[in-house]
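For reference, upload_28.cif (mmCIF, C-alpha atoms):
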```
data_entry
loop_
_atom_site.label_atom_id
_atom_site.label_comp_id
_atom_site.auth_asym_id
_atom_site.auth_seq_id
_atom_site.Cartn_x
_atom_site.Cartn_y
_atom_site.Cartn_z
CA MET Q 801 19.34 40.24 28.15
CA LYS Q 802 15.71 39.10 28.42
CA SER Q 803 13.46 41.05 30.73
CA PHE Q 804 11.80 39.26 33.64
CA HIS Q 805 8.39 39.72 31.97
CA GLN Q 806 9.66 38.22 28.68
CA PHE Q 807 11.24 35.28 30.51
CA ILE Q 808 7.98 34.51 32.37
CA HIS Q 809 5.94 34.86 29.17
CA GLU Q 810 8.12 32.43 27.21
CA ALA Q 811 8.21 29.95 30.07
CA THR Q 812 4.41 29.91 30.30
CA SER Q 813 3.61 30.08 26.56
CA PRO Q 814 1.49 27.23 25.13
CA SER Q 815 4.34 25.97 22.94
CA GLU Q 816 6.82 25.91 25.82
CA GLN Q 817 4.32 24.20 28.11
CA ALA Q 818 3.54 21.64 25.40
CA ARG Q 819 7.24 20.96 24.86
CA ARG Q 820 7.78 20.28 28.55
CA LEU Q 821 4.83 17.88 28.57
CA GLY Q 822 6.21 15.95 25.58
CA PHE Q 823 3.61 17.12 23.05
CA ARG Q 824 4.14 17.95 19.39
CA GLY Q 825 2.04 20.39 17.39
CA ASP Q 826 0.53 20.20 13.89
CA GLY Q 827 1.01 23.91 13.22
CA HIS Q 828 -2.71 24.67 13.64
CA GLY Q 829 -3.00 24.76 17.42
CA ASP Q 830 -3.55 21.01 17.96
CA TRP Q 831 -1.12 19.10 20.21
CA TYR Q 832 -0.41 15.35 20.18
CA ASP Q 833 1.30 13.07 22.68
CA LYS Q 834 4.60 11.93 21.11
CA ARG Q 835 4.34 8.52 22.78
CA ASN Q 836 1.14 7.42 21.04
CA ASN Q 837 0.25 10.24 18.62
CA GLU Q 838 -2.99 10.86 20.53
CA PHE Q 839 -4.68 14.26 20.37
CA VAL Q 840 -4.49 15.73 23.88
CA ALA Q 841 -4.66 19.52 23.81
CA LYS Q 842 -5.46 22.63 21.79
CA THR Q 843 -4.25 26.22 21.99
CA VAL Q 844 -7.25 28.38 22.89
CA GLY Q 845 -6.92 32.07 23.77
CA GLY Q 846 -3.16 31.79 24.32
CA LYS Q 847 -3.50 28.83 26.70
CA LEU Q 848 -3.42 25.06 26.44
CA LYS Q 849 -6.80 23.35 26.83
CA PHE Q 850 -6.61 19.60 27.53
CA TYR Q 851 -8.98 16.98 26.14
CA ASN Q 852 -9.68 13.22 26.03
CA LYS Q 853 -9.80 12.87 29.84
CA ARG Q 854 -12.80 10.56 29.47
CA GLU Q 855 -12.09 9.33 25.93
CA ARG Q 856 -14.10 6.37 24.67
CA ILE Q 857 -12.79 4.91 21.44
CA GLY Q 858 -15.51 4.75 18.77
CA GLN Q 859 -17.94 6.82 20.88
CA GLN Q 860 -18.66 10.45 21.49
CA ASP Q 861 -16.27 11.81 24.14
CA PRO Q 862 -18.23 12.96 27.25
CA ILE Q 863 -18.37 16.65 28.07
CA GLN Q 864 -15.55 17.89 30.30
CA THR Q 865 -15.69 20.63 32.90
CA ALA Q 866 -13.78 23.87 32.38
CA HIS Q 867 -11.48 22.91 35.27
CA GLU Q 868 -10.58 19.57 33.64
CA LYS Q 869 -9.46 21.35 30.47
CA ASP Q 870 -6.94 23.39 32.47
CA VAL Q 871 -5.30 20.34 34.11
CA PRO Q 872 -2.60 18.61 32.00
CA SER Q 873 -2.82 15.18 33.69
CA PRO Q 874 -4.58 12.82 31.24
CA SER Q 875 -5.93 10.69 34.10
CA TYR Q 876 -7.55 13.60 36.00
CA ASN Q 877 -11.36 13.58 36.21
CA ASP Q 878 -13.31 16.28 38.00
CA SER Q 879 -15.26 14.52 40.75
CA ASN Q 880 -17.64 17.47 41.04
CA SER Q 881 -18.88 17.15 37.46
CA GLN Q 882 -22.43 16.02 36.86
CA LEU Q 883 -22.50 14.68 33.32
CA PRO Q 884 -25.67 13.47 31.60
CA GLN Q 885 -25.58 9.72 31.05
CA GLN Q 886 -26.98 10.03 27.58
CA LYS Q 887 -23.94 12.10 26.56
CA GLN Q 888 -21.55 9.43 27.84
CA SER Q 889 -23.16 6.63 25.87
CA GLN Q 890 -23.90 8.52 22.68
CA LYS Q 891 -22.72 6.67 19.57
CA LEU Q 892 -21.19 8.20 16.49
CA PRO Q 893 -22.39 7.30 12.99
CA PRO Q 894 -20.29 4.43 11.52
CA GLU Q 895 -18.74 6.70 8.89
CA GLN Q 896 -17.42 9.02 11.63
CA GLU Q 897 -16.09 6.47 14.13
CA LEU Q 898 -12.60 6.49 12.64
CA SER Q 899 -12.25 10.22 13.30
CA VAL Q 900 -11.78 9.60 17.04
CA GLN Q 901 -9.48 6.62 16.68
CA GLU Q 902 -6.02 8.12 16.96
CA PRO Q 903 -2.92 5.88 16.62
CA GLN Q 904 -2.44 3.77 19.74
CA GLN Q 905 1.05 2.41 19.10
CA SER Q 906 4.33 4.29 19.04
CA VAL Q 907 6.86 3.67 16.28
CA ALA Q 908 10.00 1.61 16.86
CA THR Q 909 13.45 3.02 17.60
CA PRO Q 910 16.07 2.92 14.82
CA SER Q 911 18.66 0.16 14.71
CA LEU Q 912 22.17 0.95 15.93
CA VAL Q 913 24.35 1.52 12.86
CA PRO Q 914 27.97 2.75 12.85
CA LYS Q 915 28.03 6.23 11.28
CA THR Q 916 30.93 5.93 8.87
CA LYS Q 917 29.79 8.38 6.17
CA GLY Q 918 29.18 12.12 6.08
CA THR Q 919 26.22 13.88 4.45
CA LEU Q 920 23.89 12.37 1.87
CA THR Q 921 21.80 14.68 -0.30
CA VAL Q 922 18.54 13.20 -1.63
CA ALA Q 923 15.56 14.25 -3.73
CA PHE Q 924 12.24 12.40 -3.76
CA GLY Q 925 9.34 13.16 -6.07
CA GLN Q 926 6.78 12.08 -8.63
CA PHE Q 927 8.68 13.11 -11.79
CA ASN Q 928 5.55 12.15 -13.71
CA PRO Q 929 6.36 13.15 -16.36
CA PRO Q 930 9.91 14.51 -15.91
CA THR Q 931 10.35 18.21 -16.76
CA LEU Q 932 12.87 21.03 -16.91
CA GLY Q 933 11.93 21.87 -13.34
CA HIS Q 934 13.14 18.45 -12.27
CA GLN Q 935 16.47 19.08 -13.96
CA GLN Q 936 16.91 22.14 -11.75
CA LEU Q 937 16.06 20.01 -8.71
CA MET Q 938 18.75 17.48 -9.60
CA ASP Q 939 21.31 20.18 -10.43
CA VAL Q 940 20.82 21.76 -7.00
CA ALA Q 941 21.17 18.35 -5.33
CA ALA Q 942 24.42 17.68 -7.21
CA GLN Q 943 25.83 21.13 -6.38
CA SER Q 944 24.90 20.76 -2.72
CA ALA Q 945 26.61 17.37 -2.54
CA ASP Q 946 29.78 18.83 -4.06
CA GLU Q 947 29.88 21.55 -1.40
CA THR Q 948 29.86 18.96 1.40
CA GLU Q 949 32.05 16.49 -0.52
CA GLY Q 950 29.22 13.98 -0.18
CA GLU Q 951 26.96 11.87 -2.35
CA TYR Q 952 23.53 12.57 -3.83
CA GLN Q 953 20.72 10.28 -4.94
CA ILE Q 954 17.43 10.85 -6.80
CA TYR Q 955 14.43 8.71 -5.84
CA PRO Q 956 11.38 8.74 -8.16
CA SER Q 957 8.16 7.59 -6.49
CA ARG Q 958 6.63 4.20 -7.34
CA SER Q 959 3.06 5.49 -7.67
CA GLN Q 960 1.06 5.00 -10.84
CA ASP Q 961 -2.46 6.01 -11.80
CA SER Q 962 -3.97 7.34 -15.02
CA LYS Q 963 -4.61 10.91 -13.82
CA LYS Q 964 -1.64 12.15 -11.78
CA ASN Q 965 1.00 9.44 -12.29
CA PRO Q 966 0.50 8.10 -15.82
CA LEU Q 967 3.96 6.62 -16.42
CA ASP Q 968 4.94 3.40 -14.63
CA PRO Q 969 8.20 3.62 -12.61
CA ASP Q 970 10.40 1.77 -15.11
CA THR Q 971 9.22 3.85 -18.08
CA LYS Q 972 9.51 7.08 -16.11
CA ILE Q 973 13.04 6.35 -14.91
CA SER Q 974 14.12 5.30 -18.38
CA TYR Q 975 13.04 8.69 -19.76
CA MET Q 976 14.67 10.51 -16.83
CA ARG Q 977 18.03 8.90 -17.51
CA GLN Q 978 17.68 9.75 -21.18
CA MET Q 979 16.71 13.38 -20.49
CA PHE Q 980 19.26 13.99 -17.72
CA PRO Q 981 22.33 11.84 -18.56
CA VAL Q 982 24.56 13.80 -16.15
CA HIS Q 983 22.46 12.50 -13.26
CA GLY Q 984 21.64 9.11 -14.79
CA GLU Q 985 23.71 7.00 -12.39
CA ARG Q 986 22.21 8.82 -9.38
CA ILE Q 987 18.59 8.06 -10.32
CA VAL Q 988 17.63 5.04 -8.21
CA ASN Q 989 15.20 2.41 -9.50
CA ASP Q 990 14.31 0.38 -6.41
CA ASN Q 991 10.78 -0.92 -5.85
CA SER Q 992 11.39 -1.15 -2.10
CA ILE Q 993 11.68 2.66 -1.83
CA VAL Q 994 8.06 3.80 -1.74
CA SER Q 995 8.11 6.90 0.46
CA ILE Q 996 10.50 9.53 1.80
CA PHE Q 997 10.71 7.51 5.02
CA ASP Q 998 12.13 4.57 3.06
CA VAL Q 999 14.79 6.90 1.66
CA LEU Q 1000 15.73 8.18 5.11
CA LYS Q 1001 15.82 4.69 6.63
CA ARG Q 1002 18.06 3.50 3.78
CA ALA Q 1003 20.45 6.40 4.38
CA HIS Q 1004 20.51 5.63 8.12
CA ASN Q 1005 21.24 1.94 7.51
CA ASP Q 1006 23.98 2.88 5.03
CA GLY Q 1007 25.78 4.74 7.83
CA TYR Q 1008 25.26 8.39 6.85
CA THR Q 1009 25.64 10.89 9.71
CA ASN Q 1010 23.63 13.74 8.17
CA ILE Q 1011 20.89 14.01 5.58
CA ARG Q 1012 19.94 16.85 3.26
CA ILE Q 1013 16.64 16.82 1.36
CA VAL Q 1014 16.22 18.97 -1.76
CA SER Q 1015 12.66 19.90 -2.77
CA GLY Q 1016 10.61 22.62 -4.42
CA SER Q 1017 10.14 25.76 -2.35
CA ASP Q 1018 6.45 24.98 -1.78
CA ARG Q 1019 7.33 21.67 -0.09
CA VAL Q 1020 10.22 22.68 2.17
CA LYS Q 1021 8.12 23.09 5.33
CA GLU Q 1022 6.35 19.78 4.76
CA PHE Q 1023 9.61 17.84 4.44
CA GLU Q 1024 11.18 19.71 7.37
CA LYS Q 1025 8.36 18.86 9.76
CA LEU Q 1026 7.85 15.28 8.61
CA SER Q 1027 11.51 14.25 8.54
CA ASN Q 1028 12.36 15.83 11.91
CA ASN Q 1029 9.28 14.42 13.67
CA TYR Q 1030 10.57 10.86 13.27
CA ASN Q 1031 14.29 11.45 13.69
CA GLY Q 1032 15.36 9.15 16.52
CA GLN Q 1033 12.42 6.81 15.92
CA LEU Q 1034 12.64 5.48 12.35
CA TYR Q 1035 16.19 6.69 11.70
CA GLN Q 1036 18.91 8.70 13.43
CA PHE Q 1037 20.82 11.64 11.97
CA ASP Q 1038 22.84 14.36 13.68
CA THR Q 1039 21.32 16.96 11.37
CA ILE Q 1040 18.43 16.99 8.89
CA GLU Q 1041 18.40 19.90 6.46
CA VAL Q 1042 15.80 20.67 3.79
CA LEU Q 1043 17.02 22.80 0.89
CA SER Q 1044 14.85 24.58 -1.69
CA SER Q 1045 15.64 23.99 -5.35
CA GLY Q 1046 14.11 27.36 -6.27
CA ASP Q 1047 10.83 29.24 -6.28
CA ARG Q 1048 7.86 27.71 -8.07
CA ASP Q 1049 5.05 29.70 -9.67
CA PRO Q 1050 2.40 27.94 -11.78
CA ASP Q 1051 1.71 31.21 -13.63
CA ALA Q 1052 5.34 31.97 -14.46
CA LYS Q 1053 7.09 31.15 -17.71
CA GLY Q 1054 10.25 29.09 -18.01
CA VAL Q 1055 11.63 26.76 -15.36
CA GLU Q 1056 9.83 28.53 -12.46
CA GLY Q 1057 6.43 27.78 -13.95
CA MET Q 1058 7.15 24.37 -15.40
CA SER Q 1059 5.60 21.43 -13.57
CA ALA Q 1060 4.40 17.89 -14.18
CA SER Q 1061 0.84 19.20 -13.75
CA ARG Q 1062 1.29 21.56 -16.69
CA MET Q 1063 2.76 18.73 -18.77
CA ARG Q 1064 -0.15 16.40 -18.00
CA LEU Q 1065 -2.56 19.18 -18.91
CA ALA Q 1066 -0.81 19.70 -22.25
CA ALA Q 1067 -0.89 15.94 -22.92
CA SER Q 1068 -4.60 15.73 -22.11
CA GLU Q 1069 -5.27 18.61 -24.53
CA GLY Q 1070 -3.11 17.03 -27.23
CA ASP Q 1071 -0.84 20.10 -27.33
CA LEU Q 1072 2.61 18.76 -28.30
CA ARG Q 1073 4.11 22.26 -28.69
CA LYS Q 1074 3.25 23.24 -25.12
CA PHE Q 1075 4.39 19.81 -23.89
CA ARG Q 1076 7.82 20.25 -25.52
CA GLU Q 1077 8.32 23.57 -23.75
CA GLY Q 1078 8.77 21.60 -20.54
CA LEU Q 1079 11.50 19.34 -21.93
CA PRO Q 1080 15.26 19.94 -22.31
CA ALA Q 1081 16.10 21.87 -25.50
CA ASP Q 1082 18.55 19.21 -26.64
CA MET Q 1083 16.03 16.36 -26.35
CA PRO Q 1084 15.48 14.91 -29.87
CA ARG Q 1085 12.09 15.66 -31.39
CA LYS Q 1086 11.43 11.94 -31.86
CA SER Q 1087 12.05 11.24 -28.17
CA SER Q 1088 9.80 14.16 -27.21
CA GLN Q 1089 7.03 12.75 -29.38
CA GLU Q 1090 7.47 9.28 -27.86
CA LEU Q 1091 7.23 10.66 -24.31
CA PHE Q 1092 4.18 12.72 -25.27
CA ASN Q 1093 2.50 9.64 -26.75
CA SER Q 1094 3.43 7.49 -23.74
CA VAL Q 1095 1.86 9.97 -21.33
CA ARG Q 1096 -1.34 10.22 -23.41
CA VAL Q 1097 -1.67 6.45 -23.76
CA SER Q 1098 -1.02 5.87 -20.07
CA MET Q 1099 -3.55 8.54 -19.13
CA GLY Q 1100 -6.20 6.91 -21.30
CA ILE Q 1101 -7.65 10.35 -21.99
CA ASN Q 1102 -11.29 10.49 -20.85
CA GLU Q 1103 -13.57 13.35 -21.90
CA ASN Q 1104 -15.43 13.06 -18.57
CA TRP Q 1105 -12.35 13.93 -16.56
CA ASN Q 1106 -12.10 17.34 -14.90
CA LEU Q 1107 -9.12 19.66 -14.83
CA TRP Q 1108 -8.85 19.48 -11.03
CA GLU Q 1109 -8.41 15.69 -11.27
CA ILE Q 1110 -5.47 15.90 -13.69
CA ALA Q 1111 -3.81 19.15 -12.59
CA PRO Q 1112 -5.37 20.46 -9.35
CA LYS Q 1113 -3.03 23.47 -9.23
CA PHE Q 1114 -4.80 24.93 -12.25
CA ASP Q 1115 -8.34 24.43 -10.91
CA TYR Q 1116 -7.99 24.57 -7.15
CA GLN Q 1117 -11.45 26.09 -6.61
CA SER Q 1118 -13.19 23.08 -8.19
CA LEU Q 1119 -11.01 20.75 -6.13
CA ARG Q 1120 -12.02 22.52 -2.92
CA ASP Q 1121 -15.71 22.65 -3.92
CA ASN Q 1122 -15.72 18.87 -4.32
CA TYR Q 1123 -13.87 18.52 -1.01
CA VAL Q 1124 -16.22 20.77 0.95
CA SER Q 1125 -19.25 18.92 -0.44
CA GLU Q 1126 -17.58 15.67 0.73
CA LYS Q 1127 -17.55 14.09 -2.71
CA ILE Q 1128 -13.87 13.24 -2.24
CA PHE Q 1129 -11.46 12.45 0.61
CA LYS Q 1130 -13.94 11.05 3.12
CA ILE Q 1131 -13.12 9.84 6.64
CA GLY Q 1132 -11.67 6.32 6.47
CA GLN Q 1133 -10.49 6.50 2.85
CA LEU Q 1134 -6.92 5.64 1.87
CA VAL Q 1135 -4.96 8.48 0.26
CA GLU Q 1136 -1.38 8.94 -0.89
CA ASN Q 1137 0.65 12.10 -0.46
CA THR Q 1138 2.11 12.74 -3.91
CA ASN Q 1139 5.08 14.66 -2.44
CA THR Q 1140 6.27 12.10 0.10
CA GLY Q 1141 4.75 8.80 -1.10
CA LEU Q 1142 3.13 8.17 2.30
CA VAL Q 1143 -0.15 6.24 2.24
CA GLY Q 1144 -2.58 6.57 5.11
CA LYS Q 1145 -6.20 6.46 6.22
CA ILE Q 1146 -7.98 9.79 6.67
CA ILE Q 1147 -8.89 10.34 10.33
CA ARG Q 1148 -9.62 14.07 10.25
CA ARG Q 1149 -10.73 16.59 7.62
CA GLY Q 1150 -9.57 20.20 8.01
CA THR Q 1151 -10.57 23.26 6.03
CA ASN Q 1152 -8.20 22.43 3.18
CA TYR Q 1153 -6.03 19.68 4.64
CA LEU Q 1154 -6.22 16.08 5.86
CA ILE Q 1155 -4.77 14.31 8.90
CA CYS Q 1156 -3.89 10.72 8.01
CA VAL Q 1157 -2.35 7.69 9.70
CA THR Q 1158 -0.28 5.02 7.98
CA GLU Q 1159 -0.47 1.29 8.64
CA SER Q 1160 2.58 1.74 10.89
CA ASN Q 1161 0.68 4.29 13.03
CA MET Q 1162 2.63 7.29 11.74
CA MET Q 1163 0.60 10.46 11.46
CA PHE Q 1164 1.02 12.96 8.63
CA LYS Q 1165 -0.78 16.04 7.36
CA SER Q 1166 -1.44 16.78 3.68
CA TRP Q 1167 -2.97 19.65 1.77
CA ILE Q 1168 -5.83 18.43 -0.42
CA LYS Q 1169 -3.97 19.51 -3.56
CA ASP Q 1170 -1.13 17.12 -2.68
CA VAL Q 1171 -3.08 13.87 -2.20
CA MET Q 1172 -4.85 11.35 -4.35
CA GLU Q 1173 -7.20 8.55 -3.46
CA THR Q 1174 -5.53 5.16 -3.65
CA LYS Q 1175 -6.18 1.45 -3.15
CA LYS Q 1176 -2.72 0.30 -2.21
CA TYR Q 1177 -2.70 -3.17 -0.80
CA THR Q 1178 -1.48 -4.43 2.56
CA GLU Q 1179 1.07 -7.21 3.07
CA VAL Q 1180 -1.78 -9.71 3.50
CA SER Q 1181 -3.21 -9.01 0.07
CA MET Q 1182 0.30 -8.82 -1.43
CA ASN Q 1183 0.77 -12.43 -0.40
CA SER Q 1184 -2.59 -13.46 -1.83
CA THR Q 1185 -3.12 -14.63 -5.41
CA ILE Q 1186 -6.13 -12.31 -5.70
CA ARG Q 1187 -5.73 -8.70 -4.55
CA GLU Q 1188 -9.45 -7.96 -4.80
CA PRO Q 1189 -12.42 -9.47 -6.72
CA GLY Q 1190 -11.51 -9.81 -10.37
CA LYS Q 1191 -7.93 -8.56 -9.96
CA PRO Q 1192 -5.15 -11.17 -9.74
CA ASN Q 1193 -1.93 -10.31 -7.91
CA THR Q 1194 0.68 -9.01 -10.35
CA LEU Q 1195 2.86 -7.20 -7.82
CA THR Q 1196 6.43 -8.15 -8.73
CA GLY Q 1197 8.48 -9.58 -5.88
CA THR Q 1198 5.56 -10.79 -3.76
CA SER Q 1199 4.72 -14.39 -2.96
CA GLY Q 1200 1.16 -13.72 -4.14
CA TYR Q 1201 2.43 -13.02 -7.64
CA TYR Q 1202 4.48 -16.23 -7.57
CA ASN Q 1203 1.45 -18.25 -6.47
CA TYR Q 1204 -0.71 -16.66 -9.16
CA VAL Q 1205 1.78 -17.53 -11.91
CA ASN Q 1206 2.39 -20.92 -10.34
CA ASP Q 1207 -1.33 -21.77 -10.52
CA MET Q 1208 -1.33 -21.12 -14.27
CA THR Q 1209 1.75 -23.30 -14.88
CA PRO Q 1210 1.02 -27.03 -15.36
CA GLU Q 1211 2.91 -29.30 -12.93
CA ALA Q 1212 4.82 -26.35 -11.44
CA PRO Q 1213 6.18 -27.03 -7.94
CA GLU Q 1214 4.89 -24.78 -5.20
CA THR Q 1215 8.24 -23.60 -3.93
CA ASN Q 1216 10.21 -20.54 -2.99
CA LEU Q 1217 13.55 -20.31 -4.76
CA GLN Q 1218 14.90 -17.59 -2.46
CA TYR Q 1219 17.92 -18.75 -0.49
CA GLY Q 1220 16.95 -19.88 3.01
CA ALA Q 1221 13.21 -19.19 2.47
CA LYS Q 1222 10.40 -21.59 3.29
CA PRO Q 1223 8.19 -23.10 0.58
CA TYR Q 1224 5.20 -20.87 -0.18
CA ARG Q 1225 2.65 -23.63 0.29
CA GLY Q 1226 4.34 -26.28 2.30
CA TYR Q 1227 5.99 -28.06 -0.63
CA LYS Q 1228 8.43 -30.71 0.62
CA ILE Q 1229 12.15 -29.98 0.52
CA SER Q 1230 12.77 -33.24 -1.34
CA ASN Q 1231 10.50 -32.01 -4.13
CA ILE Q 1232 12.35 -28.72 -4.25
CA ARG Q 1233 15.68 -30.50 -4.68
CA GLU Q 1234 14.11 -32.66 -7.39
CA PHE Q 1235 12.87 -29.53 -9.19
CA ILE Q 1236 16.20 -27.70 -8.94
CA ASN Q 1237 18.21 -30.74 -10.11
CA LYS Q 1238 15.66 -32.05 -12.58
CA TYR Q 1239 17.77 -31.39 -15.67
CA ARG Q 1240 21.18 -31.65 -14.10
CA LYS Q 1241 23.42 -34.38 -15.54
#
```
Could you spell out this file's structure in structure tokens?
Amino acid sequence: MKSFHQFIHEATSPSEQARRLGFRGDGHGDWYDKRNNEFVAKTVGGKLKFYNKRERIGQQDPIQTAHEKDVPSPSYNDSNSQLPQQKQSQKLPPEQELSVQEPQQSVATPSLVPKTKGTLTVAFGQFNPPTLGHQQLMDVAAQSADETEGEYQIYPSRSQDSKKNPLDPDTKISYMRQMFPVHGERIVNDNSIVSIFDVLKRAHNDGYTNIRIVSGSDRVKEFEKLSNNYNGQLYQFDTIEVLSSGDRDPDAKGVEGMSASRMRLAASEGDLRKFREGLPADMPRKSSQELFNSVRVSMGINENWNLWEIAPKFDYQSLRDNYVSEKIFKIGQLVENTNTGLVGKIIRRGTNYLICVTESNMMFKSWIKDVMETKKYTEVSMNSTIREPGKPNTLTGTSGYYNYVNDMTPEAPETNLQYGAKPYRGYKISNIREFINKYRK
């Protein structure tokens, strides 16, 4: 039985007080309002201190009195405070304005879906390039699904860049199915699944009651926090479990030390022998050579590249030096979390982590070793023929790509052939029928 002192201590602890007020923490003493993801309090000296009582978006927040910081009501202002006017009107530099603009809109609630299925086990990752370590990940997912008599699915990310994601999704998945034929049918190639949230929303819409996520041991906490934070908002599961596929050690030999980073490093150094150590023993030598060549070609090996850009795990100190000197990951930049696929704008820089917000106003935290700068395009630019100056839209499945190809095709009708969809550029229905039936007898 708890003592009276222990009961009072737990009831008045910062975490318990924050829970009662509807706050959620980031694990570093900062607390955010669940309704709008706004920063509202911080744990200081074992107590909650409240902020943003006089918040002014895009400006320096005025100084608060000590009494204000002890009062949880966000609308409370100390009438006895005498604040200098120059502090209230002080402007931030343009490059820092975004740091005080927290998300202002809460995410939507999940759709009501009959839960007709049990537990789905999923794995989401880069797999770029696929390695022996990834085979262990898939084996654990399959074994876990068997124990619950459920299904399992493997979702490779859709990211591609020359340094950390050299293989395009189709090429990567093709090699994965070749390397791991036992799991081939479970490896999903769907360009609509971009992040772990897309995976969870798909499972919710498919009627699964529970979800289990399998990941490397170094990513378990990240997936646990992220997936549970939005349960009941983006999707709804009775239970969300995150399972480790095994310990990971970059310095170890064998499966424990094998990673895509090590493979990219071997490819950049032209070391085929070391590259093959990360592949299944029964993979034909010719196929190993083809994968090695594909990675090197896709990377477009550049002598000016640094190790921390290709494989940050093996040169973390250089990565952090560039971060501390603000040469990378600046406020307002778009970055992608390579573990979860989430893309967001940086709103806060920590000692070795970033706080980011997606276009849908979802907040996530990432260690600097797990992010890369990106220029992913919004829906507006996806529907435009030109994504940015000098770069035409070639994003498959978007209307912008159709319009781009349409402009290069003589006498092509400006129409949308999807069932029930409107013409892309106002082309008359009569012309559409004429185009569809043009060669019909």
Please give the centre and size of the box around segment 1162-1178 of chain Q (axis-aligned, containing every atom listed in the file, 4 Å added per side), with values in Å to one decimal and written as AutoDock Vina command-line options.
```
--center_x -2.3 --center_y 7.6 --center_z 3.7 --size_x 17.8 --size_y 32.1 --size_z 24.1
```
Nearest to Leu920 of chain Q, chosen from Q:Phe1037, Q:Phe1164, Q:Tyr1030, Q:Tyr975, with all atoms listed in the file counted in the distances: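 Residue with the minimum atom-to-atom distance to Leu920 of chain Q: Q:Phe1037.
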From Q:Ile1013, Q:Tyr952, Q:Asp961, Q:Asn1139, residue lying nearest Glu985 of chain Q [all atoms listed in the file]: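 Checking each of Q:Ile1013, Q:Tyr952, Q:Asp961, Q:Asn1139 against Glu985 of chain Q, counting all atoms listed in the file, the winner is Q:Tyr952.
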Coordinates-based distance that separates atom CA of Gln953 of chain Q from atom CA of Lys1145 of chain Q (Å, one decimal):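 Computing the Euclidean distance for atom CA of Lys1145 of chain Q and atom CA of Gln953 of chain Q yields 29.4 Å.
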Contacts of Ser1166 of chain Q within 12 Å, all atoms listed in the file, excl. fewer than 6 positions in-chain, as an NGL selection string: :Q and (826 or 1019 or 1021-1023 or 1025-1026 or 1129 or 1135-1157 or 1172)
Spatial neighbours of Asp830 of chain Q, 9 Å, all atoms listed in the file, chain gap at least 6 places, as a VMD selection string: chain Q and resid 824 839 to 843
With C-alpha atoms retained, write the just-selected residues as a PDB file, in the frame of the given file.
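The resulting out-v8.pdb:
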```
ATOM      1  CA  ARG Q 824       4.140  17.950  19.390  1.00  0.00           C
ATOM      2  CA  PHE Q 839      -4.680  14.260  20.370  1.00  0.00           C
ATOM      3  CA  VAL Q 840      -4.490  15.730  23.880  1.00  0.00           C
ATOM      4  CA  ALA Q 841      -4.660  19.520  23.810  1.00  0.00           C
ATOM      5  CA  LYS Q 842      -5.460  22.630  21.790  1.00  0.00           C
ATOM      6  CA  THR Q 843      -4.250  26.220  21.990  1.00  0.00           C
TER       7      THR Q 843
END
```
Could you make a table, as a Markdown table, of the residues of segment 977-1011 of chain Q that have an atom within 12 Å of an atom of segment 1058-1081 of chain Q, each with its nearest atom pair and distance in Å to one decimal, counting all atoms listed in the file, in chain and number order?
```
| residue | atom | partner | partner_atom | distance |
| --- | --- | --- | --- | --- |
| Q:Gln978 | CA | Q:Pro1080 | CA | 10.5 |
| Q:Met979 | CA | Q:Pro1080 | CA | 7.0 |
| Q:Phe980 | CA | Q:Pro1080 | CA | 8.5 |
| Q:Pro981 | CA | Q:Pro1080 | CA | 11.4 |
```
Option closest in space to Asn965 of chain Q, from Q:Gln926, Q:Thr921, Q:Ser1087, Q:Asn1010 [counting only C-alpha atoms]: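 Between Q:Gln926, Q:Thr921, Q:Ser1087, Q:Asn1010, the residue approaching Asn965 of chain Q most closely is Q:Gln926.
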Distance of atom CA of Lys964 of chain Q from atom CA of Tyr1123 of chain Q, expressed in Å to one decimal place: 17.5 Å
Atom CA of Tyr1035 of chain Q to atom CA of Phe924 of chain Q, distance in Å rounded to a single decimal: 16.9 Å
Given the PyMOL selection byres ((chain Q and resi 973) around 12), the residues it picks as a ChimeraX atom specification: /Q:925-930,954-958,967-972,974-981,983-991,1091
Go ahead and write the selection's residues with C-alpha atoms as a compact mmCIF listing (two decimals), in the coordinates of the input.
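The result, stored in result-v6.txt:
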```
# COMPACT_ATOMS: atom_id res chain seq x y z
CA GLY Q 925 9.34 13.16 -6.07
CA GLN Q 926 6.78 12.08 -8.63
CA PHE Q 927 8.68 13.11 -11.79
CA ASN Q 928 5.55 12.15 -13.71
CA PRO Q 929 6.36 13.15 -16.36
CA PRO Q 930 9.91 14.51 -15.91
CA ILE Q 954 17.43 10.85 -6.80
CA TYR Q 955 14.43 8.71 -5.84
CA PRO Q 956 11.38 8.74 -8.16
CA SER Q 957 8.16 7.59 -6.49
CA ARG Q 958 6.63 4.20 -7.34
CA LEU Q 967 3.96 6.62 -16.42
CA ASP Q 968 4.94 3.40 -14.63
CA PRO Q 969 8.20 3.62 -12.61
CA ASP Q 970 10.40 1.77 -15.11
CA THR Q 971 9.22 3.85 -18.08
CA LYS Q 972 9.51 7.08 -16.11
CA SER Q 974 14.12 5.30 -18.38
CA TYR Q 975 13.04 8.69 -19.76
CA MET Q 976 14.67 10.51 -16.83
CA ARG Q 977 18.03 8.90 -17.51
CA GLN Q 978 17.68 9.75 -21.18
CA MET Q 979 16.71 13.38 -20.49
CA PHE Q 980 19.26 13.99 -17.72
CA PRO Q 981 22.33 11.84 -18.56
CA HIS Q 983 22.46 12.50 -13.26
CA GLY Q 984 21.64 9.11 -14.79
CA GLU Q 985 23.71 7.00 -12.39
CA ARG Q 986 22.21 8.82 -9.38
CA ILE Q 987 18.59 8.06 -10.32
CA VAL Q 988 17.63 5.04 -8.21
CA ASN Q 989 15.20 2.41 -9.50
CA ASP Q 990 14.31 0.38 -6.41
CA ASN Q 991 10.78 -0.92 -5.85
CA LEU Q 1091 7.23 10.66 -24.31
```
